[in-house]
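The data block below is my_file.txt; it holds compact mmCIF, C-alpha atoms and all ligand atoms.
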# COMPACT_ATOMS: atom_id res chain seq x y z
CA MET A 1 -9.86 1.96 -13.05
CA LEU A 2 -8.73 4.98 -15.09
CA PRO A 3 -11.58 7.37 -14.22
CA LEU A 4 -11.00 6.75 -10.54
CA LEU A 5 -7.24 7.10 -10.85
CA TYR A 6 -7.95 10.40 -12.52
CA MET A 7 -10.16 11.31 -9.57
CA ILE A 8 -7.38 10.56 -7.03
CA LEU A 9 -4.94 12.62 -9.06
CA ARG A 10 -7.48 15.43 -9.18
CA LEU A 11 -7.89 15.24 -5.41
CA LEU A 12 -4.13 15.54 -5.00
CA LEU A 13 -4.16 18.54 -7.29
CA ARG A 14 -6.99 20.31 -5.52
CA GLU A 15 -6.03 23.54 -3.85
CA VAL A 16 -5.89 23.48 -0.06
CA ALA A 17 -5.09 27.19 -0.12
CA PRO A 18 -4.91 29.66 -3.01
CA GLY A 19 -2.26 28.38 -5.41
CA ILE A 20 -1.25 25.44 -3.14
CA THR A 21 -2.32 21.90 -3.95
CA LEU A 22 -2.35 18.94 -1.59
CA ARG A 23 0.51 17.52 -3.62
CA ASP A 24 2.56 20.73 -3.21
CA LEU A 25 2.06 20.60 0.54
CA ALA A 26 3.08 16.93 0.72
CA TRP A 27 6.30 17.59 -1.20
CA ARG A 28 7.12 20.66 0.87
CA LEU A 29 6.73 18.63 4.07
CA TYR A 30 8.87 15.86 2.61
CA THR A 31 11.70 18.07 1.41
CA GLU A 32 11.90 19.88 4.74
CA GLY A 33 12.19 16.65 6.72
CA ALA A 34 8.87 16.92 8.55
CA TYR A 35 8.50 13.14 8.78
CA ALA A 36 12.00 12.09 9.77
CA PRO A 37 11.37 9.19 12.20
CA PRO A 38 11.77 10.33 15.83
CA ARG A 39 13.66 8.28 18.41
CA SER A 40 11.87 9.66 21.44
CA GLU A 41 8.65 11.42 22.45
CA ALA A 42 10.64 14.65 22.82
CA GLN A 43 11.85 14.35 19.22
CA PHE A 44 8.31 13.59 18.13
CA LYS A 45 7.07 16.78 19.78
CA MET A 46 9.73 18.78 17.93
CA LEU A 47 8.72 17.11 14.69
CA VAL A 48 5.07 18.06 15.16
CA GLY A 49 6.22 21.64 15.80
CA LEU A 50 8.19 21.57 12.54
CA GLN A 51 5.20 20.20 10.61
CA ARG A 52 3.01 23.00 11.96
CA ARG A 53 5.57 25.71 11.19
CA ILE A 54 6.03 24.50 7.62
CA ALA A 55 2.29 24.33 6.98
CA GLU A 56 1.65 27.72 8.59
CA SER A 57 4.49 29.27 6.57
CA VAL A 58 2.78 28.07 3.39
CA VAL A 59 -0.61 29.48 4.38
CA ARG A 60 -1.97 30.44 7.78
CA GLY A 61 -4.34 27.80 9.16
CA LEU A 62 -3.03 24.98 6.97
CA SER A 63 -1.55 23.04 9.88
CA ARG A 64 -5.06 21.81 10.67
CA ILE A 65 -4.83 19.24 7.87
CA VAL A 66 -1.27 18.08 8.49
CA PRO A 67 -0.99 14.56 9.99
CA ARG A 68 1.41 14.05 12.87
CA MET A 69 2.77 10.70 11.79
CA PRO A 70 2.54 8.13 8.97
CA TYR A 71 0.56 5.70 11.13
CA SER A 72 -3.04 6.21 12.29
CA GLN A 73 -4.23 4.86 15.59
CA GLY A 74 -7.44 2.90 15.19
CA ASN A 75 -10.99 4.11 14.90
CA ARG A 76 -14.44 3.11 16.11
CA LYS A 77 -14.54 0.17 13.72
CA THR A 78 -11.12 -1.33 14.34
CA GLY A 79 -10.47 -0.43 17.99
CA ASN A 80 -6.86 -0.20 19.10
CA ILE A 81 -5.29 -1.22 15.80
CA TRP A 82 -2.69 0.93 14.09
CA SER A 83 -2.77 1.33 10.34
CA PHE A 84 -0.36 2.36 7.62
CA ASP A 85 -2.04 3.58 4.45
CA LEU A 86 -1.16 4.47 0.90
CA PRO A 87 -3.11 6.38 -1.77
CA PRO A 88 -5.97 4.19 -3.04
CA ILE A 89 -6.04 3.21 -6.74
CA LEU A 90 -2.61 4.74 -7.32
CA THR A 91 -1.13 1.81 -5.35
CA CYS A 92 -3.73 -0.83 -6.28
CA PRO A 93 -2.42 -2.50 -9.45
CA TYR A 94 -5.00 -5.28 -9.24
CA ALA A 95 -8.06 -3.26 -8.26
CA THR A 96 -11.29 -4.71 -9.62
CA PHE A 97 -14.65 -2.91 -9.70
CA CYS A 98 -13.83 -1.63 -6.19
CA GLY A 99 -11.69 0.91 -8.00
CA ARG A 100 -14.29 2.00 -10.51
CA PRO A 101 -16.96 4.63 -10.07
CA GLN A 102 -20.44 3.16 -9.52
CA ARG A 103 -23.83 4.71 -9.25
CA GLY A 104 -23.96 6.11 -5.71
CA GLY A 105 -20.14 6.51 -5.51
CA PRO A 106 -17.17 4.14 -5.68
CA ILE A 107 -17.22 0.87 -3.73
CA CYS A 108 -13.77 1.62 -2.30
CA TYR A 109 -14.51 3.30 1.01
CA ASP A 110 -11.02 4.74 1.19
CA VAL A 111 -11.66 6.73 -1.98
CA ASN A 112 -14.75 8.11 -0.31
CA THR A 113 -12.72 9.03 2.77
CA ALA A 114 -10.08 10.71 0.61
CA ARG A 115 -12.81 12.80 -1.00
CA TYR A 116 -13.91 14.45 2.21
CA SER A 117 -10.73 14.29 4.29
CA PRO A 118 -7.72 16.11 2.81
CA GLN A 119 -5.73 15.09 5.88
CA HIS A 120 -6.33 11.42 5.13
CA LEU A 121 -5.16 11.66 1.52
CA LEU A 122 -2.26 13.90 2.52
CA ARG A 123 -1.03 11.26 4.97
CA GLU A 124 -1.36 8.53 2.34
CA TYR A 125 0.53 10.55 -0.23
CA ILE A 126 3.25 11.54 2.26
CA ASN A 127 3.68 7.84 3.07
CA TYR A 128 3.98 6.97 -0.59
CA ILE A 129 6.61 9.64 -1.26
CA HIS A 130 8.72 8.54 1.70
CA LEU A 131 8.46 4.85 0.88
CA VAL A 132 9.56 5.36 -2.68
CA ARG A 133 12.27 7.94 -1.96
CA GLN A 134 13.62 6.82 1.41
CA GLY A 135 12.99 3.09 1.39
CA TYR A 136 12.84 0.52 4.12
CA GLN A 137 14.62 2.33 6.95
CA TRP A 138 12.06 5.13 7.05
CA LEU A 139 9.19 2.67 7.41
CA ALA A 140 11.14 0.52 9.87
CA ASP A 141 12.02 3.47 12.12
CA TRP A 142 8.44 4.75 12.28
CA THR A 143 7.20 1.25 13.01
CA LYS A 144 9.73 1.01 15.83
CA PHE A 145 8.37 4.29 17.19
CA VAL A 146 4.73 3.16 17.27
CA VAL A 147 5.62 -0.29 18.61
CA GLU A 148 8.18 0.66 21.25
CA LEU A 149 6.96 4.08 22.34
CA ARG A 150 3.23 3.94 21.60
CA GLY A 151 2.64 0.27 22.41
CA ALA A 152 1.20 -0.85 19.04
CA LYS A 153 0.44 -4.58 19.18
CA ILE A 154 -1.67 -5.00 16.05
CA VAL A 155 -0.84 -3.24 12.79
CA ARG A 156 -3.00 -3.29 9.72
CA PHE A 157 -1.51 -2.40 6.38
CA HIS A 158 -3.67 -0.57 3.90
CA VAL A 159 -7.04 0.65 4.96
CA GLY A 160 -6.16 2.57 1.79
CA GLY A 161 -3.83 1.22 -0.88
CA ASP A 162 -2.39 -2.21 -1.61
CA VAL A 163 0.84 -4.12 -2.13
CA PHE A 164 1.93 -2.31 -5.28
CA ALA A 165 5.36 -3.88 -5.95
CA ASP A 166 7.49 -6.84 -4.97
CA TRP A 167 10.08 -4.66 -3.21
CA TYR A 168 7.36 -3.22 -1.02
CA TRP A 169 6.03 -6.72 -0.25
CA GLN A 170 9.56 -7.61 0.91
CA TYR A 171 9.55 -4.54 3.19
CA ILE A 172 6.32 -5.70 4.87
CA LYS A 173 7.71 -9.19 5.46
CA ARG A 174 10.95 -7.79 6.85
CA LEU A 175 9.03 -5.53 9.24
CA ALA A 176 6.99 -8.45 10.55
CA ALA A 177 10.19 -10.47 11.06
CA GLU A 178 11.72 -7.60 13.04
CA HIS A 179 8.69 -7.40 15.37
CA PRO A 180 7.65 -10.98 16.09
CA GLN A 181 5.59 -9.86 19.09
CA VAL A 182 3.36 -7.65 16.90
CA VAL A 183 0.57 -8.97 14.66
CA PHE A 184 0.59 -7.50 11.15
CA TYR A 185 -2.21 -8.11 8.68
CA LEU A 186 -3.43 -6.94 5.31
CA TYR A 187 -6.11 -7.63 2.73
CA THR A 188 -4.90 -7.67 -0.85
CA ARG A 189 -5.91 -8.09 -4.45
CA SER A 190 -2.25 -8.18 -5.52
CA PHE A 191 -2.28 -11.98 -5.66
CA PRO A 192 0.58 -12.46 -8.15
CA ILE A 193 2.94 -10.33 -6.05
CA VAL A 194 2.24 -12.32 -2.88
CA ALA A 195 2.26 -15.66 -4.70
CA ALA A 196 5.64 -14.96 -6.32
CA SER A 197 7.21 -14.90 -2.87
CA PRO A 198 4.70 -16.33 -0.41
CA ASP A 199 6.97 -17.29 2.51
CA ARG A 200 6.47 -14.93 5.40
CA PRO A 201 6.70 -14.72 9.18
CA LYS A 202 3.80 -16.28 11.09
CA ASN A 203 2.85 -12.94 12.63
CA LEU A 204 2.01 -11.53 9.19
CA LYS A 205 -1.50 -12.60 8.16
CA VAL A 206 -2.48 -12.02 4.55
CA LEU A 207 -6.09 -12.15 3.40
CA MET A 208 -7.11 -12.75 -0.20
CA SER A 209 -9.71 -10.17 -1.26
CA LEU A 210 -12.07 -11.83 -3.68
CA ASP A 211 -15.17 -10.56 -5.41
CA ALA A 212 -17.23 -11.68 -8.38
CA THR A 213 -14.68 -10.44 -10.91
CA ASN A 214 -11.40 -11.86 -9.55
CA HIS A 215 -12.93 -14.96 -7.99
CA ALA A 216 -11.32 -17.34 -10.53
CA ALA A 217 -7.91 -16.50 -9.03
CA LEU A 218 -8.82 -18.55 -5.97
CA ARG A 219 -7.72 -21.82 -7.56
CA THR A 220 -4.44 -20.38 -8.80
CA TYR A 221 -3.39 -18.35 -5.79
CA GLY A 222 -5.65 -19.22 -2.85
CA GLN A 223 -3.19 -21.62 -1.21
CA HIS A 224 -0.81 -18.74 -0.47
CA PHE A 225 -3.23 -16.86 1.79
CA ASP A 226 -4.13 -17.25 5.45
CA HIS A 227 -7.83 -16.44 5.02
CA ILE A 228 -10.17 -15.80 2.12
CA THR A 229 -12.51 -12.81 2.01
CA TYR A 230 -15.32 -12.25 -0.45
CA LEU A 231 -16.95 -8.88 -1.08
CA VAL A 232 -20.59 -9.17 -2.09
CA VAL A 233 -22.09 -6.19 -3.86
CA GLY A 234 -25.57 -5.54 -5.18
CA PRO A 235 -27.87 -5.40 -6.88
CA ASN A 236 -27.32 -8.66 -8.75
CA VAL A 237 -26.65 -10.94 -5.79
CA ASP A 238 -28.21 -14.07 -7.26
CA ALA A 239 -25.59 -14.19 -9.99
CA GLN A 240 -22.87 -14.19 -7.33
CA LEU A 241 -24.28 -17.01 -5.22
CA PRO A 242 -22.68 -19.85 -7.21
CA LYS A 243 -19.30 -18.12 -6.91
CA LEU A 244 -19.77 -17.65 -3.21
CA ALA A 245 -20.76 -21.31 -2.80
CA GLU A 246 -17.68 -22.36 -4.75
CA THR A 247 -15.46 -20.12 -2.62
CA LEU A 248 -16.86 -21.58 0.58
CA GLN A 249 -16.37 -25.12 -0.65
CA TRP A 250 -12.78 -24.39 -1.67
CA ALA A 251 -12.04 -22.70 1.66
CA GLN A 252 -13.44 -25.65 3.62
CA GLN A 253 -11.50 -28.16 1.57
CA HIS A 254 -8.27 -26.25 2.09
CA GLY A 255 -8.74 -25.41 5.76
CA LYS A 256 -9.08 -21.67 5.22
CA ARG A 257 -11.43 -19.27 6.95
CA LEU A 258 -13.97 -17.48 4.77
CA ILE A 259 -15.04 -13.98 5.78
CA ILE A 260 -17.76 -12.22 3.80
CA PHE A 261 -17.93 -8.44 3.47
CA LEU A 262 -20.86 -6.49 2.09
CA GLN A 263 -21.23 -3.34 0.05
CA HIS A 264 -22.07 -0.88 2.79
CA THR A 265 -24.72 1.07 0.94
CA ARG A 266 -26.73 -2.14 0.37
CA ARG A 267 -25.87 -3.90 3.59
CA LEU A 268 -29.40 -4.61 4.79
CA GLN A 269 -30.61 -5.95 1.45
CA LEU A 270 -27.53 -8.14 1.14
CA LEU A 271 -27.95 -9.53 4.65
CA GLN A 272 -31.44 -10.67 3.69
CA LYS A 273 -30.16 -12.41 0.58
CA LEU A 274 -27.26 -14.09 2.33
CA LYS A 275 -29.04 -15.72 5.24
CA ALA A 276 -27.51 -19.10 4.37
CA TYR A 277 -24.05 -17.57 4.78
CA GLU A 278 -24.78 -15.73 8.01
CA LYS A 279 -22.02 -17.33 10.04
CA TYR A 280 -19.36 -16.30 7.53
CA ILE A 281 -20.32 -12.62 7.42
CA CYS A 282 -18.03 -10.20 9.25
CA PRO A 283 -19.82 -9.48 12.56
CA GLN A 284 -19.64 -5.73 11.97
CA GLU A 285 -21.31 -6.11 8.60
CA ALA A 286 -23.96 -8.22 10.31
CA GLY A 287 -24.68 -5.28 12.61
CA LYS A 288 -22.96 -6.55 15.76
CA ASN A 289 -21.36 -4.05 18.06
CA VAL A 290 -17.79 -5.36 18.04
CA THR A 291 -14.43 -3.88 17.10
CA CYS A 292 -11.82 -5.77 15.06
CA ASN A 293 -9.60 -5.62 18.10
CA LYS A 294 -12.12 -7.79 19.94
CA CYS A 295 -13.31 -9.94 17.02
CA ARG A 296 -9.85 -10.86 15.67
CA LEU A 297 -11.21 -13.16 12.96
CA CYS A 298 -9.11 -11.50 10.28
CA PHE A 299 -5.75 -11.73 11.95
CA THR A 300 -5.70 -14.88 14.07
S1 LIG B 1 -14.28 -10.11 10.60
FE1 LIG B 1 -13.79 -9.25 12.61
S2 LIG B 1 -11.65 -8.58 12.46
FE2 LIG B 1 -12.42 -8.89 10.37
S3 LIG B 1 -13.17 -6.85 9.71
FE3 LIG B 1 -14.92 -7.97 10.59
S4 LIG B 1 -14.97 -7.33 12.76
FE4 LIG B 1 -12.93 -6.80 11.96
Show this structure as structure tokens.
Ligand code: SF4
Amino acid sequence: MLPLLYMILRLLLREVAPGITLRDLAWRLYTEGAYAPPRSEAQFKMLVGLQRRIAESVVRGLSRIVPRMPYSQGNRKTGNIWSFDLPPILTCPYATFCGRPQRGGPICYDVNTARYSPQHLLREYINYIHLVRQGYQWLADWTKFVVELRGAKIVRFHVGGDVFADWYWQYIKRLAAEHPQVVFYLYTRSFPIVAASPDRPKNLKVLMSLDATNHAALRTYGQHFDHITYLVVGPNVDAQLPKLAETLQWAQQHGKRLIIFLQHTRRLQLLQKLKAYEKYICPQEAGKNVTCNKCRLCFT
């Protein structure tokens, strides 16, 4: 995990303008109140103006990489699902090989996104600073904004990042309790944090992210999760098949849904190898043209 953590820190310290790092810009935006939660669309517009002015005062043209809000609104893969993200690795205390460099790049796709999109990492880092410094109310007020004024109905936590501390886990549960009409969901490898305090509102779905290296945790912690996911990576698939079979058996015995994800760069090879598991593979990974918003397997 350390080399990749070093890589994220290096990305934060890369210059976005002469003498200005991404980290400097994030802190400048934070200290000048550029992400104070708005209570109306008019306030939001003023906030965006402030963000632009701050960035342009640092260096002309820099506003192009400044995010407008902590939440992101969906993409081609997810459809109309809002997400709240944190810096990968830095907030993933239980990362497995997903957080280590591999030949052909890291498995964690959010690290790859952070490498080519400074705006993406800037948003994640801004979120992290505010969470740690301003606490629950900041997150709650922004969530209220996207739910009440932007109509968010499904919120995913952590395309990037993970549940990094118990206090943050309590925030997520509290948010879900305050918005019972909204579905919240997250995938996590932070099993001990969830298991230490597993009670949660029904509209918060939590998926256990297994792979070949943390698979043994299933028996200890699996009962605390809504669904079980398993990430299959290559090239040594055969060695993983017994673990996958065991995971499926456990899931069936305990009435849990199993969803299989595949290493994207080897997707076609893995599909060939996993024919017997076809019906458990995420439809997108299987090449079907469906958004998460339509599929809903992960959060229903
Ligand atoms: S199983 Fe469905 S909801 Fe889950 S990631 Fe795949 S497409 Fe999205």
Protein and nucleic acid residues within 12 Å of ligand LIG 1 (chain B) (all atoms listed in the file) as a tab-separated table (two decimals) with C-alpha atoms, in the coordinates of the input:
chain	number	residue	atom	x	y	z
A	74	GLY	CA	-7.44	2.90	15.19
A	75	ASN	CA	-10.99	4.11	14.90
A	76	ARG	CA	-14.44	3.11	16.11
A	77	LYS	CA	-14.54	0.17	13.72
A	78	THR	CA	-11.12	-1.33	14.34
A	79	GLY	CA	-10.47	-0.43	17.99
A	80	ASN	CA	-6.86	-0.20	19.10
A	81	ILE	CA	-5.29	-1.22	15.80
A	154	ILE	CA	-1.67	-5.00	16.05
A	156	ARG	CA	-3.00	-3.29	9.72
A	159	VAL	CA	-7.04	0.65	4.96
A	185	TYR	CA	-2.21	-8.11	8.68
A	186	LEU	CA	-3.43	-6.94	5.31
A	187	TYR	CA	-6.11	-7.63	2.73
A	205	LYS	CA	-1.50	-12.60	8.16
A	206	VAL	CA	-2.48	-12.02	4.55
A	207	LEU	CA	-6.09	-12.15	3.40
A	209	SER	CA	-9.71	-10.17	-1.26
A	227	HIS	CA	-7.83	-16.44	5.02
A	228	ILE	CA	-10.17	-15.80	2.12
A	229	THR	CA	-12.51	-12.81	2.01
A	230	TYR	CA	-15.32	-12.25	-0.45
A	231	LEU	CA	-16.95	-8.88	-1.08
A	257	ARG	CA	-11.43	-19.27	6.95
A	258	LEU	CA	-13.97	-17.48	4.77
A	259	ILE	CA	-15.04	-13.98	5.78
A	260	ILE	CA	-17.76	-12.22	3.80
A	261	PHE	CA	-17.93	-8.44	3.47
A	262	LEU	CA	-20.86	-6.49	2.09
A	279	LYS	CA	-22.02	-17.33	10.04
A	280	TYR	CA	-19.36	-16.30	7.53
A	281	ILE	CA	-20.32	-12.62	7.42
A	282	CYS	CA	-18.03	-10.20	9.25
A	283	PRO	CA	-19.82	-9.48	12.56
A	284	GLN	CA	-19.64	-5.73	11.97
A	285	GLU	CA	-21.31	-6.11	8.60
A	286	ALA	CA	-23.96	-8.22	10.31
A	287	GLY	CA	-24.68	-5.28	12.61
A	288	LYS	CA	-22.96	-6.55	15.76
A	289	ASN	CA	-21.36	-4.05	18.06
A	290	VAL	CA	-17.79	-5.36	18.04
A	291	THR	CA	-14.43	-3.88	17.10
A	292	CYS	CA	-11.82	-5.77	15.06
A	293	ASN	CA	-9.60	-5.62	18.10
A	294	LYS	CA	-12.12	-7.79	19.94
A	295	CYS	CA	-13.31	-9.94	17.02
A	296	ARG	CA	-9.85	-10.86	15.67
A	297	LEU	CA	-11.21	-13.16	12.96
A	298	CYS	CA	-9.11	-11.50	10.28
A	299	PHE	CA	-5.75	-11.73	11.95
A	300	THR	CA	-5.70	-14.88	14.07
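With all atoms listed in the file as the atoms that count, the residue of A:Pro87, A:Lys153, A:Ala140, A:Glu148 with the shortest distance to Asn127 (chain A) is A:Pro87.
Between Trp82 (chain A) and the residues A:Tyr6, A:Tyr277, A:Phe97, A:Trp142, the shortest atom-to-atom distance, using all atoms listed in the file, involves A:Trp142.
Checking A:Gln137, A:Thr220, A:Gln73, A:Ser197 one by one against Arg150 (chain A), counting all atoms listed in the file, you find the shortest gap at A:Gln73.
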Considering all atoms listed in the file, return as a short mmCIF file (atom, residue, chain, number, x, y, z; two decimals) with C-alpha atoms, keeping the file's coordinate frame whatever protein or nucleic-acid residues lie within 10 Å of Tyr221 (chain A), sequence-local ones (same chain, fewer than 6 positions apart) excluded.
data_model
loop_
_atom_site.label_atom_id
_atom_site.label_comp_id
_atom_site.auth_asym_id
_atom_site.auth_seq_id
_atom_site.Cartn_x
_atom_site.Cartn_y
_atom_site.Cartn_z
CA PHE A 191 -2.28 -11.98 -5.66
CA PRO A 192 0.58 -12.46 -8.15
CA VAL A 194 2.24 -12.32 -2.88
CA ALA A 195 2.26 -15.66 -4.70
CA ALA A 196 5.64 -14.96 -6.32
CA PRO A 198 4.70 -16.33 -0.41
CA MET A 208 -7.11 -12.75 -0.20
#
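Nearest residue to Ile172 (chain A), choosing from A:Asn236, A:Thr143, A:Thr96, A:Gln119 and counting all atoms listed in the file: A:Thr143.
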Worksheet item: So how far away is CA of Trp167 (chain A) from CA of Asp226 (chain A), in Å?
Response: 20.9 Å
Fill in: Test item: residues at most 8 Å from Leu204 (chain A), only C-alpha atoms, excluding those fewer than 5 positions along its chain, as a list in words
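The neighbour list is Lys173, Ala176, Val183, Phe184 and Tyr185 of chain A.
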Item to complete: Compare A:Ser63, A:Leu149, A:Ile129, A:Thr91 by their minimum atom-to-atom distance to Ala165 (chain A), counting all atoms listed in the file, and give me the closest one.
Response: A:Thr91
Would you compute an axis-aligned box for region 140-151 of chain A, covering every atom listed for it in the file with 6 Å of margin on each side, and report centre and edge lengths in Å to one decimal as JSON?
{"center_x": 7.3, "center_y": 2.2, "center_z": 16.1, "size_x": 21.4, "size_y": 17.0, "size_z": 24.5}
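The space separating CA of Leu47 (chain A) from CA of Leu122 (chain A) comes to 16.7 Å.
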